[in-house]
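Enquirer: A single structure is presented below for examination.
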Amino acid sequence: MTRFLALPLILAAAAVPALAQDTSPAQLRSGYEAESGAAADPAAGKAFFLAEHSGGKPETPSCVTCHTSDPRAAGQARTGKTIEPLAPAANPERLTDSAKVEKWFGRNCNSVLGRDCTAAEKANIVAWLASF
Amino acid sequence: MIRRFTLILALAFPAAPVLADDDYMPPVTHPATAEECSACHMAYPAGFLPARSWQAIMGNLENHFGEDARLDEATRAEIEAYLVSNAAPRVRGVAETATPLRISELPWFKREHEREVSARMMERAKSMSNCVACHKGAERGYFEDD
């Protein structure tokens, strides 16, 4: 009996997508706010996201190079591959996996700015993306 | 003399063609490689490049063709080991001393694509990184012409 019960459980567990889902946009925002010591400013996040930056790699001067200026829309990597929307309203998987969020902030801030983003910048961007 | 010539042929041929006549190249089967490399482009089969190329690419992920593609060290090392152990023993037209970084700049690749890819096809694909734009079976290892 136990053996019969165990097999469907194993199959069910394997079918669950490999998403950590250990956080939420609100949790991320409050975590970055606590780290920076300031309240998030969605408008500043928008301006930062849309701006052309210098100091990073010439191929990627802005977030919108790949993500487009509308976070509800799909973007396109320089390779031609589709990037799913960043706004949780359009893509519920976004901002639910803290390791993934940190991995991509780490890579993309360096590509665009040539440095890490500050906690305040991350708080602002998360707040703006979650505002849609 | 004939025997020596035969030996050279035997050594040269098995490794020579990158794609066999059936245009099949075994796809990536390693989970971390498939997952991480396909974030921005198709996870290219390890057999398209020699081991030294994969080592160079995986050793400079901070500058990955114009983007930062850093990974945690454990994942990076695991992916490099997979790519190196499934790499091409030799690539047609590439000297043993050369370390190509782009599959799209290998001599056979350029030859195959220069004459067949129209401007409109390039516009649709956006870049030579986008195999599946034209090769519908690319992710399963099939690169036949459509």
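Quick note on naming: the chains in the structure tokens go A, B, ... in the order shown, residues restart at 1 in each chain, and ligands are numbered from 1 in order of appearance.
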Report as a PyMOL selection string all protein, DNA and RNA residues lying within 6 Å of A:Asn124, evaluated on only C-alpha atoms, omitting residues in the same chain fewer than 2 positions from it.
Expert: chain A and resi 40-42+45+121-122+126-127
Enquirer: Next, dump the selected residues to file, keeping only N, CA, C and O atoms, as a PDB file, in the first residue's frame.
Expert:
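Full text of part.pdb as output:
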ATOM      1  N   ALA A  40      11.384  52.817  -1.329  1.00  0.00           N
ATOM      2  CA  ALA A  40      11.521  52.688  -2.785  1.00  0.00           C
ATOM      3  C   ALA A  40      10.761  53.795  -3.501  1.00  0.00           C
ATOM      4  O   ALA A  40       9.736  54.263  -3.022  1.00  0.00           O
ATOM      5  N   ASP A  41      11.292  54.184  -4.659  1.00  0.00           N
ATOM      6  CA  ASP A  41      10.681  55.244  -5.454  1.00  0.00           C
ATOM      7  C   ASP A  41      10.429  54.684  -6.865  1.00  0.00           C
ATOM      8  O   ASP A  41      11.352  54.634  -7.693  1.00  0.00           O
ATOM      9  N   PRO A  42       9.199  54.243  -7.141  1.00  0.00           N
ATOM     10  CA  PRO A  42       8.923  53.613  -8.443  1.00  0.00           C
ATOM     11  C   PRO A  42       9.248  54.527  -9.624  1.00  0.00           C
ATOM     12  O   PRO A  42       9.728  54.038 -10.656  1.00  0.00           O
ATOM     13  N   GLY A  45      12.768  54.336 -10.311  1.00  0.00           N
ATOM     14  CA  GLY A  45      13.041  53.043 -10.935  1.00  0.00           C
ATOM     15  C   GLY A  45      12.757  53.075 -12.426  1.00  0.00           C
ATOM     16  O   GLY A  45      13.535  52.571 -13.232  1.00  0.00           O
ATOM     17  N   GLU A 121      18.669  51.232  -5.854  1.00  0.00           N
ATOM     18  CA  GLU A 121      18.299  51.087  -7.274  1.00  0.00           C
ATOM     19  C   GLU A 121      17.452  49.829  -7.495  1.00  0.00           C
ATOM     20  O   GLU A 121      16.471  49.849  -8.249  1.00  0.00           O
ATOM     21  N   LYS A 122      17.837  48.757  -6.827  1.00  0.00           N
ATOM     22  CA  LYS A 122      17.055  47.514  -6.961  1.00  0.00           C
ATOM     23  C   LYS A 122      15.656  47.698  -6.387  1.00  0.00           C
ATOM     24  O   LYS A 122      14.665  47.247  -6.993  1.00  0.00           O
ATOM     25  N   VAL A 126      12.281  47.186  -8.648  1.00  0.00           N
ATOM     26  CA  VAL A 126      11.281  46.196  -8.243  1.00  0.00           C
ATOM     27  C   VAL A 126       9.944  46.886  -7.997  1.00  0.00           C
ATOM     28  O   VAL A 126       8.885  46.404  -8.435  1.00  0.00           O
ATOM     29  N   ALA A 127       9.973  48.043  -7.337  1.00  0.00           N
ATOM     30  CA  ALA A 127       8.726  48.770  -7.039  1.00  0.00           C
ATOM     31  C   ALA A 127       8.036  49.202  -8.335  1.00  0.00           C
ATOM     32  O   ALA A 127       6.809  49.105  -8.457  1.00  0.00           O
TER      33      ALA A 127
END
Enquirer: Show me a table, sorted first by chain and then by increasing residue number, of the residues of chain A having an atom at most 6 Å from chain B, each with its shortest atom pair and the distance in Å to one decimal, counting only C-alpha atoms and written as CSV.
Expert:
residue,atom,partner,partner_atom,distance
A:Glu59,CA,B:Gly66,CA,5.7
A:Thr79,CA,B:Ser129,CA,5.2
A:Gly80,CA,B:Lys126,CA,5.0
A:Lys81,CA,B:His41,CA,5.9
A:Arg107,CA,B:Asp68,CA,5.0
A:Ser111,CA,B:Glu67,CA,5.3
Enquirer: Between atom CA of A:Lys57 and atom CA of A:Val112, what is the spacing in Å?
Expert: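 Between atom CA of A:Val112 and atom CA of A:Lys57 the gap is 6.1 Å.
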Enquirer: Give me the residues near A:Leu28 as a PyMOL selection string, where near means some atom within 12 Å (using only C-alpha atoms) and where sequence neighbours in that chain fewer than 2 positions away do not count.
Expert: chain A and resi 21-26+30-35+40+94-102+119-120+122-127+129-130
Enquirer: Any chance you can output those residues with N, CA and C atoms as a short mmCIF file (atom, residue, chain, number, x, y, z; two decimals), in the first residue's frame?
Expert:
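Heads up, here's the output in part.cif:
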data_model
loop_
_atom_site.label_atom_id
_atom_site.label_comp_id
_atom_site.auth_asym_id
_atom_site.auth_seq_id
_atom_site.Cartn_x
_atom_site.Cartn_y
_atom_site.Cartn_z
N GLN A 21 10.49 30.05 -5.96
CA GLN A 21 9.32 30.74 -5.42
C GLN A 21 9.45 30.98 -3.93
N ASP A 22 10.58 31.51 -3.54
CA ASP A 22 10.85 31.73 -2.12
C ASP A 22 10.60 33.18 -1.72
N THR A 23 10.13 34.00 -2.67
CA THR A 23 9.93 35.40 -2.33
C THR A 23 8.79 35.97 -3.18
N SER A 24 8.53 37.24 -2.99
CA SER A 24 7.47 37.92 -3.74
C SER A 24 7.97 39.32 -4.05
N PRO A 25 7.33 40.02 -5.00
CA PRO A 25 7.75 41.39 -5.28
C PRO A 25 7.75 42.26 -4.02
N ALA A 26 6.73 42.09 -3.19
CA ALA A 26 6.65 42.92 -1.97
C ALA A 26 7.80 42.60 -1.00
N SER A 30 10.78 45.16 0.18
CA SER A 30 11.06 45.53 1.57
C SER A 30 12.47 45.11 1.97
N GLY A 31 12.95 44.00 1.42
CA GLY A 31 14.32 43.59 1.71
C GLY A 31 15.35 44.60 1.21
N TYR A 32 15.16 45.06 -0.02
CA TYR A 32 16.10 46.05 -0.58
C TYR A 32 15.95 47.39 0.12
N GLU A 33 14.71 47.74 0.52
CA GLU A 33 14.51 48.98 1.27
C GLU A 33 15.24 48.93 2.61
N ALA A 34 15.14 47.78 3.27
CA ALA A 34 15.83 47.64 4.56
C ALA A 34 17.34 47.78 4.39
N GLU A 35 17.83 47.20 3.27
CA GLU A 35 19.28 47.24 3.01
C GLU A 35 19.74 48.67 2.71
N ALA A 40 11.38 52.82 -1.33
CA ALA A 40 11.52 52.69 -2.79
C ALA A 40 10.76 53.79 -3.50
N ARG A 94 7.81 36.18 -12.42
CA ARG A 94 8.84 37.18 -12.15
C ARG A 94 8.87 37.57 -10.68
N LEU A 95 10.08 37.83 -10.21
CA LEU A 95 10.29 38.34 -8.85
C LEU A 95 9.74 37.40 -7.78
N THR A 96 9.87 36.11 -8.04
CA THR A 96 9.45 35.13 -7.03
C THR A 96 10.59 34.20 -6.62
N ASP A 97 11.76 34.41 -7.19
CA ASP A 97 12.90 33.51 -6.92
C ASP A 97 14.11 34.40 -6.60
N SER A 98 14.45 34.46 -5.33
CA SER A 98 15.46 35.45 -4.91
C SER A 98 16.83 35.19 -5.56
N ALA A 99 17.19 33.92 -5.73
CA ALA A 99 18.50 33.64 -6.34
C ALA A 99 18.52 34.11 -7.80
N LYS A 100 17.40 33.92 -8.48
CA LYS A 100 17.32 34.32 -9.88
C LYS A 100 17.37 35.86 -9.99
N VAL A 101 16.65 36.53 -9.13
CA VAL A 101 16.65 38.00 -9.14
C VAL A 101 18.07 38.52 -8.91
N GLU A 102 18.74 37.98 -7.93
CA GLU A 102 20.11 38.44 -7.64
C GLU A 102 21.08 38.08 -8.76
N ALA A 119 21.35 48.76 -3.49
CA ALA A 119 20.08 48.24 -2.94
C ALA A 119 18.95 49.22 -3.24
N ALA A 120 19.23 50.52 -3.20
CA ALA A 120 18.19 51.52 -3.48
C ALA A 120 17.73 51.41 -4.94
N LYS A 122 17.84 48.76 -6.83
CA LYS A 122 17.05 47.51 -6.96
C LYS A 122 15.66 47.70 -6.39
N ALA A 123 15.56 48.35 -5.25
CA ALA A 123 14.24 48.59 -4.63
C ALA A 123 13.37 49.40 -5.58
N ASN A 124 13.95 50.43 -6.19
CA ASN A 124 13.19 51.29 -7.10
C ASN A 124 12.69 50.51 -8.32
N ILE A 125 13.55 49.70 -8.90
CA ILE A 125 13.16 48.93 -10.09
C ILE A 125 12.08 47.91 -9.74
N VAL A 126 12.28 47.19 -8.65
CA VAL A 126 11.28 46.20 -8.24
C VAL A 126 9.94 46.89 -8.00
N ALA A 127 9.97 48.04 -7.34
CA ALA A 127 8.73 48.77 -7.04
C ALA A 127 8.04 49.20 -8.34
N LEU A 129 8.41 47.78 -11.42
CA LEU A 129 7.92 46.60 -12.15
C LEU A 129 6.65 46.05 -11.50
N ALA A 130 6.57 46.14 -10.18
CA ALA A 130 5.40 45.60 -9.47
C ALA A 130 4.21 46.55 -9.52
#
Enquirer: Need to verify the contact set: B:Gly47, 10 Å, only C-alpha atoms, exclusion of same-chain residues closer than 2 positions in sequence. Can you return it as an mmCIF file with N, CA and C atoms, in the first residue's frame?
Expert:
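Final file, result-v3.cif:
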data_model
loop_
_atom_site.group_PDB
_atom_site.id
_atom_site.type_symbol
_atom_site.label_atom_id
_atom_site.label_comp_id
_atom_site.auth_asym_id
_atom_site.auth_seq_id
_atom_site.Cartn_x
_atom_site.Cartn_y
_atom_site.Cartn_z
ATOM 1 N N VAL B 18 32.336 18.020 -38.953
ATOM 2 C CA VAL B 18 31.621 18.409 -37.741
ATOM 3 C C VAL B 18 30.213 17.854 -37.807
ATOM 4 N N LEU B 19 29.519 18.202 -38.875
ATOM 5 C CA LEU B 19 28.190 17.653 -39.074
ATOM 6 C C LEU B 19 28.290 16.517 -40.072
ATOM 7 N N MET B 25 23.635 16.844 -34.799
ATOM 8 C CA MET B 25 24.671 17.041 -33.774
ATOM 9 C C MET B 25 23.985 16.813 -32.433
ATOM 10 N N PRO B 26 24.489 15.854 -31.636
ATOM 11 C CA PRO B 26 23.775 15.522 -30.391
ATOM 12 C C PRO B 26 23.509 16.766 -29.541
ATOM 13 N N PRO B 27 22.254 16.971 -29.128
ATOM 14 C CA PRO B 27 21.935 18.157 -28.332
ATOM 15 C C PRO B 27 22.461 18.040 -26.906
ATOM 16 N N VAL B 28 22.456 19.160 -26.202
ATOM 17 C CA VAL B 28 22.892 19.184 -24.799
ATOM 18 C C VAL B 28 21.934 18.334 -23.970
ATOM 19 N N TYR B 44 23.929 25.528 -27.215
ATOM 20 C CA TYR B 44 24.591 24.958 -28.391
ATOM 21 C C TYR B 44 25.239 23.622 -28.054
ATOM 22 N N PRO B 45 25.124 22.648 -28.956
ATOM 23 C CA PRO B 45 25.744 21.347 -28.711
ATOM 24 C C PRO B 45 27.255 21.468 -28.486
ATOM 25 N N LEU B 49 32.329 22.833 -30.903
ATOM 26 C CA LEU B 49 33.601 23.511 -30.627
ATOM 27 C C LEU B 49 34.563 22.551 -29.948
ATOM 28 N N PRO B 50 35.874 22.782 -30.114
ATOM 29 C CA PRO B 50 36.856 21.960 -29.408
ATOM 30 C C PRO B 50 36.923 22.340 -27.920
ATOM 31 N N ALA B 51 37.524 21.461 -27.138
ATOM 32 C CA ALA B 51 37.591 21.657 -25.683
ATOM 33 C C ALA B 51 38.225 22.992 -25.318
ATOM 34 N N LEU B 83 30.876 20.414 -21.148
ATOM 35 C CA LEU B 83 31.175 20.863 -22.513
ATOM 36 C C LEU B 83 32.513 20.308 -22.991
ATOM 37 N N VAL B 84 33.501 20.333 -22.104
ATOM 38 C CA VAL B 84 34.837 19.851 -22.479
ATOM 39 C C VAL B 84 34.799 18.353 -22.783
ATOM 40 N N SER B 85 34.061 17.599 -21.991
ATOM 41 C CA SER B 85 34.091 16.151 -22.212
ATOM 42 C C SER B 85 33.240 15.727 -23.409
ATOM 43 N N ASN B 86 32.423 16.645 -23.923
ATOM 44 C CA ASN B 86 31.634 16.323 -25.123
ATOM 45 C C ASN B 86 32.033 17.181 -26.327
ATOM 46 N N ALA B 87 33.194 17.803 -26.235
ATOM 47 C CA ALA B 87 33.644 18.729 -27.277
ATOM 48 C C ALA B 87 34.037 17.994 -28.552
ATOM 49 N N ALA B 88 34.198 18.765 -29.629
ATOM 50 C CA ALA B 88 34.666 18.199 -30.894
ATOM 51 C C ALA B 88 36.141 17.845 -30.776
ATOM 52 N N PRO B 89 36.540 16.642 -31.185
ATOM 53 C CA PRO B 89 37.969 16.314 -31.178
ATOM 54 C C PRO B 89 38.736 17.218 -32.137
ATOM 55 N N ARG B 90 38.084 17.597 -33.204
ATOM 56 C CA ARG B 90 38.701 18.448 -34.215
ATOM 57 C C ARG B 90 37.582 19.111 -35.003
ATOM 58 N N VAL B 91 37.839 20.322 -35.464
ATOM 59 C CA VAL B 91 36.820 21.020 -36.258
ATOM 60 C C VAL B 91 37.377 21.292 -37.645
#
Enquirer: Have a look at A:Pro61, A:Pro85, A:Gly106, A:Gly75 and name the one nearest to A:Phe48; count only C-alpha atoms.
Expert: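 Ranked by minimum distance to A:Phe48, first place goes to A:Pro61.
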Enquirer: To test your reading of the structure, identify every residue in chain B that backbone DSSP assigns to strand (DSSP E or B), and report it as a PyMOL selection string.
Expert: chain B and resi 24+50+64+67+88+142
Enquirer: Name the closest residue to B:Glu36 among the candidates A:Ala73, A:Asn110, A:Phe132, A:Trp104; distances are taken between atoms, counting only C-alpha atoms.
Expert: A:Trp104
Enquirer: Give me the residues near stretch 102-112 of chain B as a ChimeraX atom specification, where near means some atom within 7 Å (using only C-alpha atoms) and where sequence neighbours in that chain fewer than 2 positions away do not count.
Expert: /B:48-49,92-93,100,114-116,128
Enquirer: Since we have the selection now, will you write its residues out, keeping C-alpha atoms, as a PDB file, in the first residue's frame?
Expert:
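result_9.pdb was written with the following content:
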ATOM      1  CA  PHE B  48      30.414  22.253 -32.306  1.00  0.00           C
ATOM      2  CA  LEU B  49      33.601  23.511 -30.627  1.00  0.00           C
ATOM      3  CA  ARG B  92      37.023  21.101 -40.040  1.00  0.00           C
ATOM      4  CA  GLY B  93      39.213  23.960 -41.239  1.00  0.00           C
ATOM      5  CA  PRO B 100      37.510  29.825 -32.082  1.00  0.00           C
ATOM      6  CA  GLU B 114      26.704  32.685 -46.552  1.00  0.00           C
ATOM      7  CA  ARG B 115      25.106  31.339 -49.664  1.00  0.00           C
ATOM      8  CA  GLU B 116      21.808  30.211 -48.182  1.00  0.00           C
ATOM      9  CA  MET B 128      23.266  33.865 -36.210  1.00  0.00           C
TER      10      MET B 128
END
Enquirer: Apply DSSP to the structure's backbone, then extract all residues of stretch 8-130 of chain A labelled alpha helix (DSSP H) and return them as a ChimeraX atom specification.
Expert: /A:8-15,25-36,42-50,64-67,98-113,119-129
Enquirer: Could you please determine the separation between atom CA of A:Leu86 and atom CA of A:Lys103 in Å, to one decimal place?
Expert: 14.6 Å
Enquirer: B:Thr33: which residues within 9 Å, counting only C-alpha atoms, same-chain residues fewer than 2 positions away excluded, as JSON, numbers by chain?
Expert: {"B": [28, 29, 30, 31, 35, 36, 37, 38, 43, 75, 76, 78, 79, 80, 82, 83]}
